[in-house]
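Reproduced below: protein_13.cif, with mmCIF, C-alpha atoms.
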data_coords
#
loop_
_atom_site.group_PDB
_atom_site.id
_atom_site.type_symbol
_atom_site.label_atom_id
_atom_site.label_comp_id
_atom_site.auth_asym_id
_atom_site.auth_seq_id
_atom_site.Cartn_x
_atom_site.Cartn_y
_atom_site.Cartn_z
ATOM 1 C CA MET A 1 -38.863 5.792 1.996
ATOM 2 C CA LYS A 2 -37.570 2.921 4.030
ATOM 3 C CA GLN A 3 -33.954 2.961 5.156
ATOM 4 C CA PHE A 4 -31.825 -0.007 6.118
ATOM 5 C CA ASP A 5 -28.485 0.187 7.937
ATOM 6 C CA PHE A 6 -26.018 -2.614 7.387
ATOM 7 C CA HIS A 7 -23.632 -3.116 10.284
ATOM 8 C CA GLY A 8 -20.598 -5.220 9.504
ATOM 9 C CA THR A 9 -18.592 -7.204 11.978
ATOM 10 C CA ALA A 10 -15.927 -9.862 11.920
ATOM 11 C CA LYS A 11 -14.816 -12.614 14.232
ATOM 12 C CA HIS A 12 -12.098 -14.881 12.940
ATOM 13 C CA VAL A 13 -14.174 -17.618 11.299
ATOM 14 C CA MET A 14 -17.209 -16.612 9.441
ATOM 15 C CA SER A 15 -18.391 -13.231 8.468
ATOM 16 C CA ILE A 16 -21.826 -11.986 9.253
ATOM 17 C CA ALA A 17 -23.911 -9.016 8.246
ATOM 18 C CA LEU A 18 -27.115 -8.097 9.997
ATOM 19 C CA LEU A 19 -29.987 -5.880 9.065
ATOM 20 C CA CYS A 20 -31.674 -4.513 12.175
ATOM 21 C CA LEU A 21 -35.366 -3.840 12.637
ATOM 22 C CA PRO A 22 -36.608 -1.120 10.285
ATOM 23 C CA THR A 23 -37.852 2.261 11.394
ATOM 24 C CA PHE A 24 -40.567 3.878 9.317
ATOM 25 C CA PHE A 25 -40.800 7.379 7.898
ATOM 26 C CA SER A 26 -43.359 8.991 5.642
ATOM 27 C CA ALA A 27 -41.878 7.835 2.338
ATOM 28 C CA MET A 28 -38.629 6.080 3.238
ATOM 29 C CA GLN A 29 -37.746 2.944 5.158
ATOM 30 C CA GLN A 30 -34.283 2.481 6.642
ATOM 31 C CA TRP A 31 -32.642 -0.844 7.374
ATOM 32 C CA ILE A 32 -29.545 -1.131 9.526
ATOM 33 C CA ILE A 33 -27.438 -4.071 8.451
ATOM 34 C CA GLN A 34 -24.683 -5.436 10.626
ATOM 35 C CA LYS A 35 -22.120 -7.666 8.992
ATOM 36 C CA TYR A 36 -19.950 -9.864 11.129
ATOM 37 C CA MET A 37 -17.039 -12.031 10.238
ATOM 38 C CA ILE A 38 -15.868 -15.029 12.201
ATOM 39 C CA PHE A 39 -12.965 -16.909 10.710
ATOM 40 C CA CYS A 40 -12.268 -20.475 11.745
ATOM 41 C CA ALA A 41 -8.749 -21.035 13.001
ATOM 42 C CA SER A 42 -6.584 -23.641 14.689
ATOM 43 C CA GLU A 43 -4.798 -22.513 17.841
ATOM 44 C CA SER A 44 -2.012 -25.049 17.346
ATOM 45 C CA CYS A 45 -0.581 -23.573 14.152
ATOM 46 C CA ASP A 46 -0.494 -20.427 12.015
ATOM 47 C CA CYS A 47 -2.904 -21.718 9.380
ATOM 48 C CA PHE A 48 -6.627 -21.065 9.442
ATOM 49 C CA CYS A 49 -9.796 -22.323 7.773
ATOM 50 C CA CYS A 50 -12.845 -20.325 6.781
ATOM 51 C CA SER A 51 -15.514 -22.909 6.275
ATOM 52 C CA VAL A 52 -19.129 -23.431 7.235
ATOM 53 C CA ASP A 53 -20.899 -26.731 6.572
ATOM 54 C CA LEU A 54 -23.854 -25.390 4.610
ATOM 55 C CA ARG A 55 -25.448 -28.797 4.108
ATOM 56 C CA SER A 56 -25.793 -29.560 7.819
ATOM 57 C CA LEU A 57 -26.805 -25.947 8.479
ATOM 58 C CA VAL A 58 -29.670 -26.261 5.995
ATOM 59 C CA GLU A 59 -30.730 -29.671 7.329
ATOM 60 C CA GLN A 60 -31.088 -28.358 10.873
ATOM 61 C CA ASN A 61 -32.857 -25.154 9.797
ATOM 62 C CA ARG A 62 -34.866 -26.341 6.793
ATOM 63 C CA PRO A 63 -38.155 -24.609 7.795
ATOM 64 C CA HIS A 64 -36.326 -21.284 7.499
ATOM 65 C CA PHE A 65 -34.386 -22.124 4.331
ATOM 66 C CA ILE A 66 -35.170 -20.120 1.175
ATOM 67 C CA PRO A 67 -34.449 -22.215 -1.964
ATOM 68 C CA PRO A 68 -31.859 -20.703 -4.314
ATOM 69 C CA THR A 69 -32.786 -19.050 -7.597
ATOM 70 C CA SER A 70 -29.362 -19.469 -9.217
ATOM 71 C CA ARG A 71 -26.549 -21.992 -9.571
ATOM 72 C CA MET A 72 -24.444 -20.354 -6.867
ATOM 73 C CA THR A 73 -23.688 -22.997 -4.233
ATOM 74 C CA ASN A 74 -21.381 -21.142 -1.862
ATOM 75 C CA TYR A 75 -24.140 -19.522 0.193
ATOM 76 C CA VAL A 76 -27.615 -20.141 1.625
ATOM 77 C CA VAL A 77 -30.401 -17.779 2.729
ATOM 78 C CA PHE A 78 -32.655 -18.209 5.777
ATOM 79 C CA ARG A 79 -35.757 -16.317 6.855
ATOM 80 C CA PHE A 80 -36.893 -16.053 10.475
ATOM 81 C CA GLY A 81 -40.191 -14.593 11.608
ATOM 82 C CA ASN A 82 -43.607 -14.957 9.975
ATOM 83 C CA LEU A 83 -43.168 -18.143 7.944
ATOM 84 C CA GLU A 84 -46.731 -17.885 6.635
ATOM 85 C CA SER A 85 -45.951 -14.780 4.584
ATOM 86 C CA ASP A 86 -44.825 -14.917 0.964
ATOM 87 C CA TYR A 87 -41.818 -12.637 1.308
ATOM 88 C CA ASN A 88 -39.503 -15.380 0.108
ATOM 89 C CA VAL A 89 -40.604 -14.747 -3.472
ATOM 90 C CA SER A 90 -37.512 -13.368 -5.162
ATOM 91 C CA ASN A 91 -39.198 -10.305 -6.664
ATOM 92 C CA ALA A 92 -41.485 -9.473 -3.713
ATOM 93 C CA SER A 93 -40.670 -6.274 -1.840
ATOM 94 C CA LEU A 94 -39.741 -6.660 1.827
ATOM 95 C CA SER A 95 -41.208 -3.262 2.709
ATOM 96 C CA GLY A 96 -43.220 -3.540 5.915
ATOM 97 C CA SER A 97 -41.853 -7.007 6.702
ATOM 98 C CA ASP A 98 -40.726 -7.788 10.237
ATOM 99 C CA CYS A 99 -38.937 -10.972 9.126
ATOM 100 C CA CYS A 100 -35.216 -11.461 9.654
ATOM 101 C CA TYR A 101 -32.972 -12.720 6.864
ATOM 102 C CA MET A 102 -29.597 -14.388 7.155
ATOM 103 C CA VAL A 103 -27.192 -15.104 4.281
ATOM 104 C CA VAL A 104 -24.450 -17.600 5.161
ATOM 105 C CA PHE A 105 -21.452 -18.140 2.880
ATOM 106 C CA GLN A 106 -19.398 -21.312 2.748
ATOM 107 C CA TYR A 107 -16.134 -19.396 3.129
ATOM 108 C CA GLY A 108 -17.296 -18.042 6.487
ATOM 109 C CA SER A 109 -19.284 -14.859 5.896
ATOM 110 C CA ILE A 110 -22.736 -14.201 7.287
ATOM 111 C CA VAL A 111 -25.015 -11.283 6.436
ATOM 112 C CA LEU A 112 -28.037 -10.589 8.638
ATOM 113 C CA PHE A 113 -30.928 -8.383 7.554
ATOM 114 C CA ASN A 114 -33.568 -6.870 9.810
ATOM 115 C CA VAL A 115 -32.162 -8.556 12.936
ATOM 116 C CA PRO A 116 -32.621 -6.685 16.256
ATOM 117 C CA ASP A 117 -29.587 -6.367 18.520
ATOM 118 C CA HIS A 118 -30.903 -8.798 21.128
ATOM 119 C CA GLU A 119 -31.279 -11.514 18.452
ATOM 120 C CA VAL A 120 -27.773 -11.195 17.000
ATOM 121 C CA ASP A 121 -26.125 -13.696 19.355
ATOM 122 C CA ARG A 122 -28.827 -16.272 18.658
ATOM 123 C CA CYS A 123 -28.223 -15.963 14.921
ATOM 124 C CA LEU A 124 -24.474 -16.301 15.398
ATOM 125 C CA LYS A 125 -24.881 -19.411 17.526
ATOM 126 C CA ILE A 126 -26.993 -21.053 14.818
ATOM 127 C CA VAL A 127 -24.057 -20.790 12.412
ATOM 128 C CA GLU A 128 -21.284 -21.395 14.954
ATOM 129 C CA LYS A 129 -22.558 -24.945 15.463
ATOM 130 C CA HIS A 130 -21.580 -25.694 11.862
ATOM 131 C CA ALA A 131 -18.264 -23.796 11.773
ATOM 132 C CA SER A 132 -14.952 -25.521 12.415
ATOM 133 C CA GLY A 133 -13.827 -23.110 15.146
ATOM 134 C CA LEU A 134 -13.943 -19.553 16.380
ATOM 135 C CA LEU A 135 -11.547 -16.842 17.462
ATOM 136 C CA PRO A 136 -12.701 -14.398 20.138
ATOM 137 C CA GLU A 137 -12.100 -11.189 18.164
ATOM 138 C CA MET A 138 -15.212 -9.460 16.811
ATOM 139 C CA ARG A 139 -15.199 -6.535 14.383
ATOM 140 C CA LYS A 140 -18.200 -4.452 13.381
ATOM 141 C CA ASP A 141 -19.009 -2.108 10.500
ATOM 142 C CA GLU A 142 -22.136 -0.357 9.258
ATOM 143 C CA TYR A 143 -23.775 0.185 5.904
ATOM 144 C CA GLU A 144 -27.148 1.680 5.060
ATOM 145 C CA VAL A 145 -29.753 0.617 2.495
ATOM 146 C CA ARG A 146 -32.783 2.812 1.868
ATOM 147 C CA GLU A 147 -35.988 1.762 0.134
ATOM 148 C CA MET A 148 -38.028 4.500 -1.622
ATOM 149 C CA PRO A 149 -40.839 3.318 -3.946
ATOM 150 C CA THR A 150 -41.151 6.828 -5.438
ATOM 151 C CA LEU A 151 -37.518 6.915 -6.564
ATOM 152 C CA ASN A 152 -37.249 7.944 -10.237
ATOM 153 C CA THR A 153 -34.501 5.406 -10.969
ATOM 154 C CA TRP A 154 -34.089 1.820 -9.822
ATOM 155 C CA MET A 155 -31.022 2.599 -7.750
ATOM 156 C CA GLN A 156 -29.228 5.632 -6.406
ATOM 157 C CA GLY A 157 -25.937 5.492 -4.558
ATOM 158 C CA GLY A 158 -24.671 7.868 -1.916
ATOM 159 C CA LEU A 159 -21.986 8.211 0.725
ATOM 160 C CA ASP A 160 -22.160 5.056 2.865
ATOM 161 C CA TYR A 161 -25.636 4.146 1.632
ATOM 162 C CA ILE A 162 -27.543 2.807 -1.356
ATOM 163 C CA MET A 163 -31.164 3.723 -2.176
ATOM 164 C CA LEU A 164 -33.466 1.294 -4.026
ATOM 165 C CA GLN A 165 -37.034 1.452 -5.252
ATOM 166 C CA TYR A 166 -37.602 -1.757 -3.293
ATOM 167 C CA LEU A 167 -35.582 -4.456 -1.551
ATOM 168 C CA ASN A 168 -36.358 -8.128 -2.195
ATOM 169 C CA ILE A 169 -34.688 -11.511 -1.734
ATOM 170 C CA ASP A 170 -32.572 -11.152 -4.867
ATOM 171 C CA GLY A 171 -31.502 -7.757 -3.574
ATOM 172 C CA ILE A 172 -30.512 -9.324 -0.260
ATOM 173 C CA ARG A 173 -28.507 -11.982 -2.098
ATOM 174 C CA THR A 174 -26.735 -9.394 -4.249
ATOM 175 C CA ILE A 175 -25.986 -6.978 -1.417
ATOM 176 C CA GLY A 176 -25.007 -9.804 0.913
ATOM 177 C CA SER A 177 -22.531 -11.266 -1.570
ATOM 178 C CA VAL A 178 -20.532 -8.028 -1.725
ATOM 179 C CA LEU A 179 -20.735 -7.377 2.033
ATOM 180 C CA GLY A 180 -19.596 -10.932 2.749
ATOM 181 C CA GLN A 181 -16.630 -10.629 0.395
ATOM 182 C CA SER A 182 -15.706 -7.252 1.852
ATOM 183 C CA ILE A 183 -15.606 -8.400 5.475
ATOM 184 C CA ALA A 184 -13.718 -11.575 4.531
ATOM 185 C CA LEU A 185 -11.203 -9.578 2.514
ATOM 186 C CA ASP A 186 -10.546 -7.456 5.622
ATOM 187 C CA TYR A 187 -9.434 -10.592 7.438
ATOM 188 C CA TYR A 188 -7.051 -11.690 4.697
ATOM 189 C CA VAL A 189 -5.592 -8.192 4.486
ATOM 190 C CA ARG A 190 -4.837 -8.313 8.216
ATOM 191 C CA GLN A 191 -3.210 -11.715 7.784
ATOM 192 C CA VAL A 192 -0.961 -10.456 5.001
ATOM 193 C CA ASP A 193 -0.199 -7.260 6.934
ATOM 194 C CA GLY A 194 1.049 -9.484 9.744
ATOM 195 C CA MET A 195 3.397 -11.305 7.355
ATOM 196 C CA VAL A 196 4.659 -8.010 5.917
ATOM 197 C CA ALA A 197 5.394 -6.768 9.442
ATOM 198 C CA GLU A 198 7.220 -10.013 10.238
ATOM 199 C CA PHE A 199 9.464 -9.748 7.179
ATOM 200 C CA THR A 200 10.049 -6.069 7.916
ATOM 201 C CA ASP A 201 11.361 -7.025 11.368
ATOM 202 C CA ILE A 202 13.567 -9.719 9.812
ATOM 203 C CA ASN A 203 15.031 -7.251 7.325
ATOM 204 C CA ARG A 204 15.717 -4.700 10.058
ATOM 205 C CA GLY A 205 17.424 -7.373 12.130
ATOM 206 C CA MET A 206 19.597 -8.348 9.167
ATOM 207 C CA GLU A 207 20.438 -4.679 8.625
ATOM 208 C CA LYS A 208 21.666 -4.350 12.212
ATOM 209 C CA THR A 209 23.390 -7.712 12.731
ATOM 210 C CA GLY A 210 24.213 -8.845 9.206
ATOM 211 C CA THR A 211 22.923 -12.328 10.056
ATOM 212 C CA PHE A 212 19.769 -14.323 9.387
ATOM 213 C CA THR A 213 18.514 -16.774 12.015
ATOM 214 C CA MET A 214 15.105 -17.981 10.738
ATOM 215 C CA GLU A 215 14.655 -21.745 10.647
ATOM 216 C CA ARG A 216 13.746 -23.491 7.402
ATOM 217 C CA LYS A 217 10.504 -24.828 8.927
ATOM 218 C CA LYS A 218 9.333 -21.324 9.859
ATOM 219 C CA LEU A 219 10.086 -20.057 6.364
ATOM 220 C CA PHE A 220 8.115 -22.899 4.787
ATOM 221 C CA GLN A 221 5.177 -22.083 7.088
ATOM 222 C CA LEU A 222 5.212 -18.506 5.808
ATOM 223 C CA VAL A 223 5.328 -19.792 2.221
ATOM 224 C CA GLY A 224 2.263 -21.939 2.862
ATOM 225 C CA LYS A 225 0.424 -19.108 4.590
ATOM 226 C CA ALA A 226 1.067 -16.661 1.743
ATOM 227 C CA ASN A 227 -0.024 -19.163 -0.913
ATOM 228 C CA SER A 228 -3.159 -20.215 0.978
ATOM 229 C CA ASN A 229 -4.219 -16.598 1.549
ATOM 230 C CA LEU A 230 -4.065 -15.790 -2.151
ATOM 231 C CA ALA A 231 -5.826 -19.025 -3.107
ATOM 232 C CA ASP A 232 -8.609 -18.435 -0.569
ATOM 233 C CA VAL A 233 -9.272 -14.900 -1.788
ATOM 234 C CA ILE A 234 -9.491 -15.968 -5.437
ATOM 235 C CA LEU A 235 -11.155 -19.376 -5.121
ATOM 236 C CA LYS A 236 -13.200 -19.311 -1.909
ATOM 237 C CA LEU A 237 -14.398 -15.722 -2.019
ATOM 238 C CA GLY A 238 -14.870 -15.744 -5.799
ATOM 239 C CA LEU A 239 -13.778 -12.126 -5.760
ATOM 240 C CA PHE A 240 -13.751 -11.873 -9.559
ATOM 241 C CA GLU A 241 -16.932 -13.866 -10.176
ATOM 242 C CA ARG A 242 -20.109 -11.916 -10.896
ATOM 243 C CA SER A 243 -23.132 -13.396 -9.144
ATOM 244 C CA ASP A 244 -25.644 -15.275 -11.287
ATOM 245 C CA ILE A 245 -28.383 -12.831 -10.304
ATOM 246 C CA ALA A 246 -26.262 -9.918 -11.525
ATOM 247 C CA TRP A 247 -25.604 -11.756 -14.803
ATOM 248 C CA LYS A 248 -29.316 -12.311 -15.431
ATOM 249 C CA ASP A 249 -30.734 -8.924 -14.434
ATOM 250 C CA ALA A 250 -29.152 -5.552 -15.219
ATOM 251 C CA LYS A 251 -30.806 -4.010 -12.141
ATOM 252 C CA TYR A 252 -28.889 -6.266 -9.782
ATOM 253 C CA ALA A 253 -25.747 -5.924 -11.872
ATOM 254 C CA GLN A 254 -26.004 -2.194 -11.177
ATOM 255 C CA ILE A 255 -26.222 -2.861 -7.416
ATOM 256 C CA TRP A 256 -23.357 -5.358 -7.582
ATOM 257 C CA GLU A 257 -21.060 -2.999 -9.482
ATOM 258 C CA PHE A 258 -21.896 -0.004 -7.291
ATOM 259 C CA LEU A 259 -21.210 -1.882 -4.058
ATOM 260 C CA ARG A 260 -17.949 -3.332 -5.374
ATOM 261 C CA ASP A 261 -16.846 0.218 -6.151
ATOM 262 C CA GLU A 262 -18.212 1.491 -2.833
ATOM 263 C CA PHE A 263 -16.229 -1.096 -0.864
ATOM 264 C CA GLU A 264 -13.246 -0.824 -3.256
ATOM 265 C CA LEU A 265 -12.916 -4.600 -3.601
ATOM 266 C CA THR A 266 -10.757 -4.418 -6.735
ATOM 267 C CA GLN A 267 -8.404 -1.814 -5.271
ATOM 268 C CA ARG A 268 -8.136 -3.668 -1.964
ATOM 269 C CA PHE A 269 -7.301 -6.904 -3.745
ATOM 270 C CA ALA A 270 -4.656 -5.082 -5.800
ATOM 271 C CA SER A 271 -3.144 -3.789 -2.547
ATOM 272 C CA LEU A 272 -3.279 -7.291 -1.080
ATOM 273 C CA ASP A 273 -1.625 -8.731 -4.190
ATOM 274 C CA PHE A 274 1.141 -6.103 -4.013
ATOM 275 C CA LYS A 275 1.840 -6.996 -0.383
ATOM 276 C CA LEU A 276 1.898 -10.693 -1.238
ATOM 277 C CA LYS A 277 4.447 -9.983 -3.977
ATOM 278 C CA PHE A 278 6.597 -8.248 -1.345
ATOM 279 C CA VAL A 279 6.256 -11.317 0.870
ATOM 280 C CA GLU A 280 7.106 -13.663 -2.024
ATOM 281 C CA HIS A 281 10.181 -11.576 -2.906
ATOM 282 C CA ASN A 282 11.420 -11.831 0.674
ATOM 283 C CA ILE A 283 10.680 -15.539 0.787
ATOM 284 C CA ARG A 284 12.741 -16.179 -2.367
ATOM 285 C CA PHE A 285 15.595 -14.093 -0.965
ATOM 286 C CA LEU A 286 15.598 -15.954 2.355
ATOM 287 C CA GLN A 287 15.304 -19.314 0.592
ATOM 288 C CA GLU A 288 18.446 -18.458 -1.367
ATOM 289 C CA ILE A 289 20.239 -17.652 1.883
ATOM 290 C CA LEU A 290 19.191 -20.980 3.391
ATOM 291 C CA GLN A 291 20.160 -22.789 0.190
ATOM 292 C CA ASN A 292 23.583 -21.113 0.211
ATOM 293 C CA ARG A 293 24.015 -22.151 3.828
ATOM 294 C CA LYS A 294 23.206 -25.719 2.886
ATOM 295 C CA SER A 295 25.615 -25.559 -0.066
ATOM 296 C CA ASP A 296 28.372 -24.188 2.171
ATOM 297 C CA PHE A 297 27.741 -26.957 4.681
ATOM 298 C CA LEU A 298 27.909 -29.614 1.972
ATOM 299 C CA GLU A 299 31.121 -28.108 0.590
ATOM 300 C CA TRP A 300 32.769 -28.205 4.004
ATOM 301 C CA LEU A 301 31.484 -31.734 4.529
ATOM 302 C CA ILE A 302 33.044 -32.812 1.223
ATOM 303 C CA ILE A 303 36.337 -31.113 2.161
ATOM 304 C CA ILE A 304 36.343 -32.883 5.531
ATOM 305 C CA LEU A 305 35.617 -36.251 3.896
ATOM 306 C CA ILE A 306 38.370 -35.729 1.314
ATOM 307 C CA GLY A 307 40.760 -34.718 4.091
ATOM 308 C CA ALA A 308 39.821 -37.791 6.099
ATOM 309 C CA GLU A 309 40.355 -39.986 3.050
ATOM 310 C CA ILE A 310 43.795 -38.432 2.490
ATOM 311 C CA LEU A 311 44.746 -39.003 6.125
ATOM 312 C CA ILE A 312 43.607 -42.614 5.916
ATOM 313 C CA SER A 313 45.602 -43.097 2.712
ATOM 314 C CA VAL A 314 48.725 -41.537 4.263
ATOM 315 C CA TYR A 315 48.310 -43.696 7.347
ATOM 316 C CA ASP A 316 47.870 -46.786 5.184
ATOM 317 C CA ILE A 317 50.994 -45.968 3.139
ATOM 318 C CA ALA A 318 53.018 -45.298 6.269
ATOM 319 C CA HIS A 319 51.775 -48.484 7.872
ATOM 320 C CA LYS A 320 52.683 -50.567 4.814
ATOM 321 C CA SER A 321 56.110 -48.893 4.605
ATOM 322 C CA SER A 322 56.854 -49.752 8.215
ATOM 323 C CA ILE A 323 55.886 -53.376 7.638
ATOM 324 C CA THR A 324 58.049 -53.569 4.509
ATOM 325 C CA SER A 325 61.073 -52.108 6.310
ATOM 326 C CA LEU A 326 60.773 -54.804 8.921
#
Go through the file and emit its structure as structure tokens.
Amino acid sequence: MKQFDFHGTAKHVMSIALLCLPTFFSAMQQWIIQKYMIFCASESCDCFCCSVDLRSLVEQNRPHFIPPTSRMTNYVVFRFGNLESDYNVSNASLSGSDCCYMVVFQYGSIVLFNVPDHEVDRCLKIVEKHASGLLPEMRKDEYEVREMPTLNTWMQGGLDYIMLQYLNIDGIRTIGSVLGQSIALDYYVRQVDGMVAEFTDINRGMEKTGTFTMERKKLFQLVGKANSNLADVILKLGLFERSDIAWKDAKYAQIWEFLRDEFELTQRFASLDFKLKFVEHNIRFLQEILQNRKSDFLEWLIIILIGAEILISVYDIAHKSSITSL
């Protein structure tokens, strides 16, 4: 059995998962996969982008590019190592291969398979050249994939690992898609948690002082951030879209469904959506306060203008009366 560990990491701009060099046992092979996430961000504002230019990435690394087998266009797969071998065939087992595989997603996730620790930085730099920007924070996680040809069933799940009869390119694509979504979702959850904490502080301040001091511009920035986070999770990550490989083959659908349950993608999105609803509720409440302030200001402005008009009329009447008396 061959065992693979998947380590997951995240920087703020693209997410990456790596599979370290395999170690061999009598009947099992283990792969350690590290997934990293690096999200692109602008230091001048609160917004961020999670985008990798896949076209230019492929052009500069075409000898390592593995052509897609489905219509999915939001990721690409590269193979580094022995380019003479035929391991890029979608149904060929990778058992015994010393090649490294990298799956790069347009929304910023990267999954690396069979990559030794000293090669990780080189792989990251290949992608960083085609990302819009990087934040210094790096997060790391681990997941294990085991390959056992003698397994009675195609797939068997366990605590923090999945066991397959064999791992091939389609398996890498399927596993990578879930790992990439998972590490990216972590980033969006942290973003929304930050907004929840900010509104919590605002509410506590209002509780103590009875006043609200946020500027309209800041509130609109929070509105845009909340809306863009939800749109990115649904549209960019394709969190509710089953991969084409999983649609075509029940074996990979089984992997896809197991990993989504293992990483609790549906539950985590539900939690994210609940937090965003809390943020939206607070935004509507604060918008009403700002609108009432504006209405009060306009009412006082109208009163002042009416008062000024009355004073002018009184002055005009008095002035005419004085002229008439003369």
Quick one, how far is atom CA of A:Asn168 from atom CA of A:Asp53?
->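 Atom CA of A:Asp53 lies 25.7 Å from atom CA of A:Asn168.
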Find the distance between atom CA of A:Val103 and atom CA of A:Ala253 and write it in Å to one decimal.
-> 18.6 Å
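Atom CA of A:Val127 is found 15.9 Å from atom CA of A:Ala184.
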Using all atoms listed in the file, which residue out of A:Gly158, A:Gly210, A:Gly194, A:Gly224 lies closest to A:Glu280?
->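 Closest to A:Glu280 of all the choices is A:Gly224.
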Pick from A:Ile289, A:Cys123, A:Ile255, A:Glu264 nearest to A:Met206, counting all atoms listed in the file =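 Nearest candidate to A:Met206 out of A:Ile289, A:Cys123, A:Ile255, A:Glu264: A:Ile289.
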Please tabulate, as a tab-separated table, the residues of stretch 100-217 of chain A that come within 12 Å of stretch 65-73 of chain A, each with its closest pair of atoms and the distance in Å to one decimal, counting only C-alpha atoms and ordering rows by chain, then residue number upward.
residue	atom	partner	partner_atom	distance
A:Cys100	CA	A:Phe65	CA	11.9
A:Tyr101	CA	A:Ile66	CA	9.6
A:Met102	CA	A:Phe65	CA	9.5
A:Val103	CA	A:Ile66	CA	9.9
A:Val104	CA	A:Thr73	CA	10.9
A:Phe105	CA	A:Thr73	CA	8.9
A:Gln106	CA	A:Thr73	CA	8.4
A:Tyr107	CA	A:Thr73	CA	11.1
A:Ile169	CA	A:Ile66	CA	9.1
A:Asp170	CA	A:Thr69	CA	8.4
A:Ile172	CA	A:Ile66	CA	11.8
A:Arg173	CA	A:Pro68	CA	9.6
A:Thr174	CA	A:Met72	CA	11.5
A:Ser177	CA	A:Met72	CA	10.7
Residue with smallest distance to A:Trp256 - pool A:Phe274, A:Gln181, A:Glu288, A:Val192, counting all atoms listed in the file | A:Gln181
Choose the residue, out of A:Asp232, A:Val189, A:Lys129, A:Arg293, that has the smallest atom-to-atom separation from A:Gln267; count only C-alpha atoms.
->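 Comparing A:Asp232, A:Val189, A:Lys129, A:Arg293 against A:Gln267, the winner is A:Val189.
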If we count all atoms listed in the file, what is near A:Phe80 at a cut-off of 12 Å, once residues fewer than 5 positions away on the same chain are taken out, given as a ChimeraX atom specification?
-> /A:61-66,85,87-88,97-103,112-116,119,122-123,126
Would you mind telling me which residue in A:Thr211, A:Gln165, A:Ser109, A:Asn74 lies nearest to A:Leu290 when using only C-alpha atoms?
-> A:Thr211
On this file, the PyMOL selection byres ((chain A and resi 272) around 12) gives some set of residues; write that set as a ChimeraX atom specification.
-> /A:185-196,226,229-230,233-234,265-271,273-279
Could those selected residues go to a file with C-alpha atoms, as a short mmCIF file (atom, residue, chain, number, x, y, z; two decimals), keeping the file's coordinate frame?
data_model
loop_
_atom_site.label_atom_id
_atom_site.label_comp_id
_atom_site.auth_asym_id
_atom_site.auth_seq_id
_atom_site.Cartn_x
_atom_site.Cartn_y
_atom_site.Cartn_z
CA LEU A 185 -11.20 -9.58 2.51
CA ASP A 186 -10.55 -7.46 5.62
CA TYR A 187 -9.43 -10.59 7.44
CA TYR A 188 -7.05 -11.69 4.70
CA VAL A 189 -5.59 -8.19 4.49
CA ARG A 190 -4.84 -8.31 8.22
CA GLN A 191 -3.21 -11.72 7.78
CA VAL A 192 -0.96 -10.46 5.00
CA ASP A 193 -0.20 -7.26 6.93
CA GLY A 194 1.05 -9.48 9.74
CA MET A 195 3.40 -11.30 7.36
CA VAL A 196 4.66 -8.01 5.92
CA ALA A 226 1.07 -16.66 1.74
CA ASN A 229 -4.22 -16.60 1.55
CA LEU A 230 -4.07 -15.79 -2.15
CA VAL A 233 -9.27 -14.90 -1.79
CA ILE A 234 -9.49 -15.97 -5.44
CA LEU A 265 -12.92 -4.60 -3.60
CA THR A 266 -10.76 -4.42 -6.74
CA GLN A 267 -8.40 -1.81 -5.27
CA ARG A 268 -8.14 -3.67 -1.96
CA PHE A 269 -7.30 -6.90 -3.74
CA ALA A 270 -4.66 -5.08 -5.80
CA SER A 271 -3.14 -3.79 -2.55
CA ASP A 273 -1.62 -8.73 -4.19
CA PHE A 274 1.14 -6.10 -4.01
CA LYS A 275 1.84 -7.00 -0.38
CA LEU A 276 1.90 -10.69 -1.24
CA LYS A 277 4.45 -9.98 -3.98
CA PHE A 278 6.60 -8.25 -1.34
CA VAL A 279 6.26 -11.32 0.87
#
Considering all atoms listed in the file, state which residue in the set A:Ile303, A:Asp201, A:Tyr166, A:Ser182 is at the smallest distance from A:Tyr252.
->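 Nearest candidate to A:Tyr252 out of A:Ile303, A:Asp201, A:Tyr166, A:Ser182: A:Tyr166.
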Build an axis-aligned box that encloses every atom of stretch 280-293 of chain A listed in the file, pad it by 8 Å on each side, and report its centre and edge lengths in Å to one decimal, as AutoDock Vina command-line options.
--center_x 15.6 --center_y -17.2 --center_z 0.5 --size_x 32.9 --size_y 27.2 --size_z 22.7
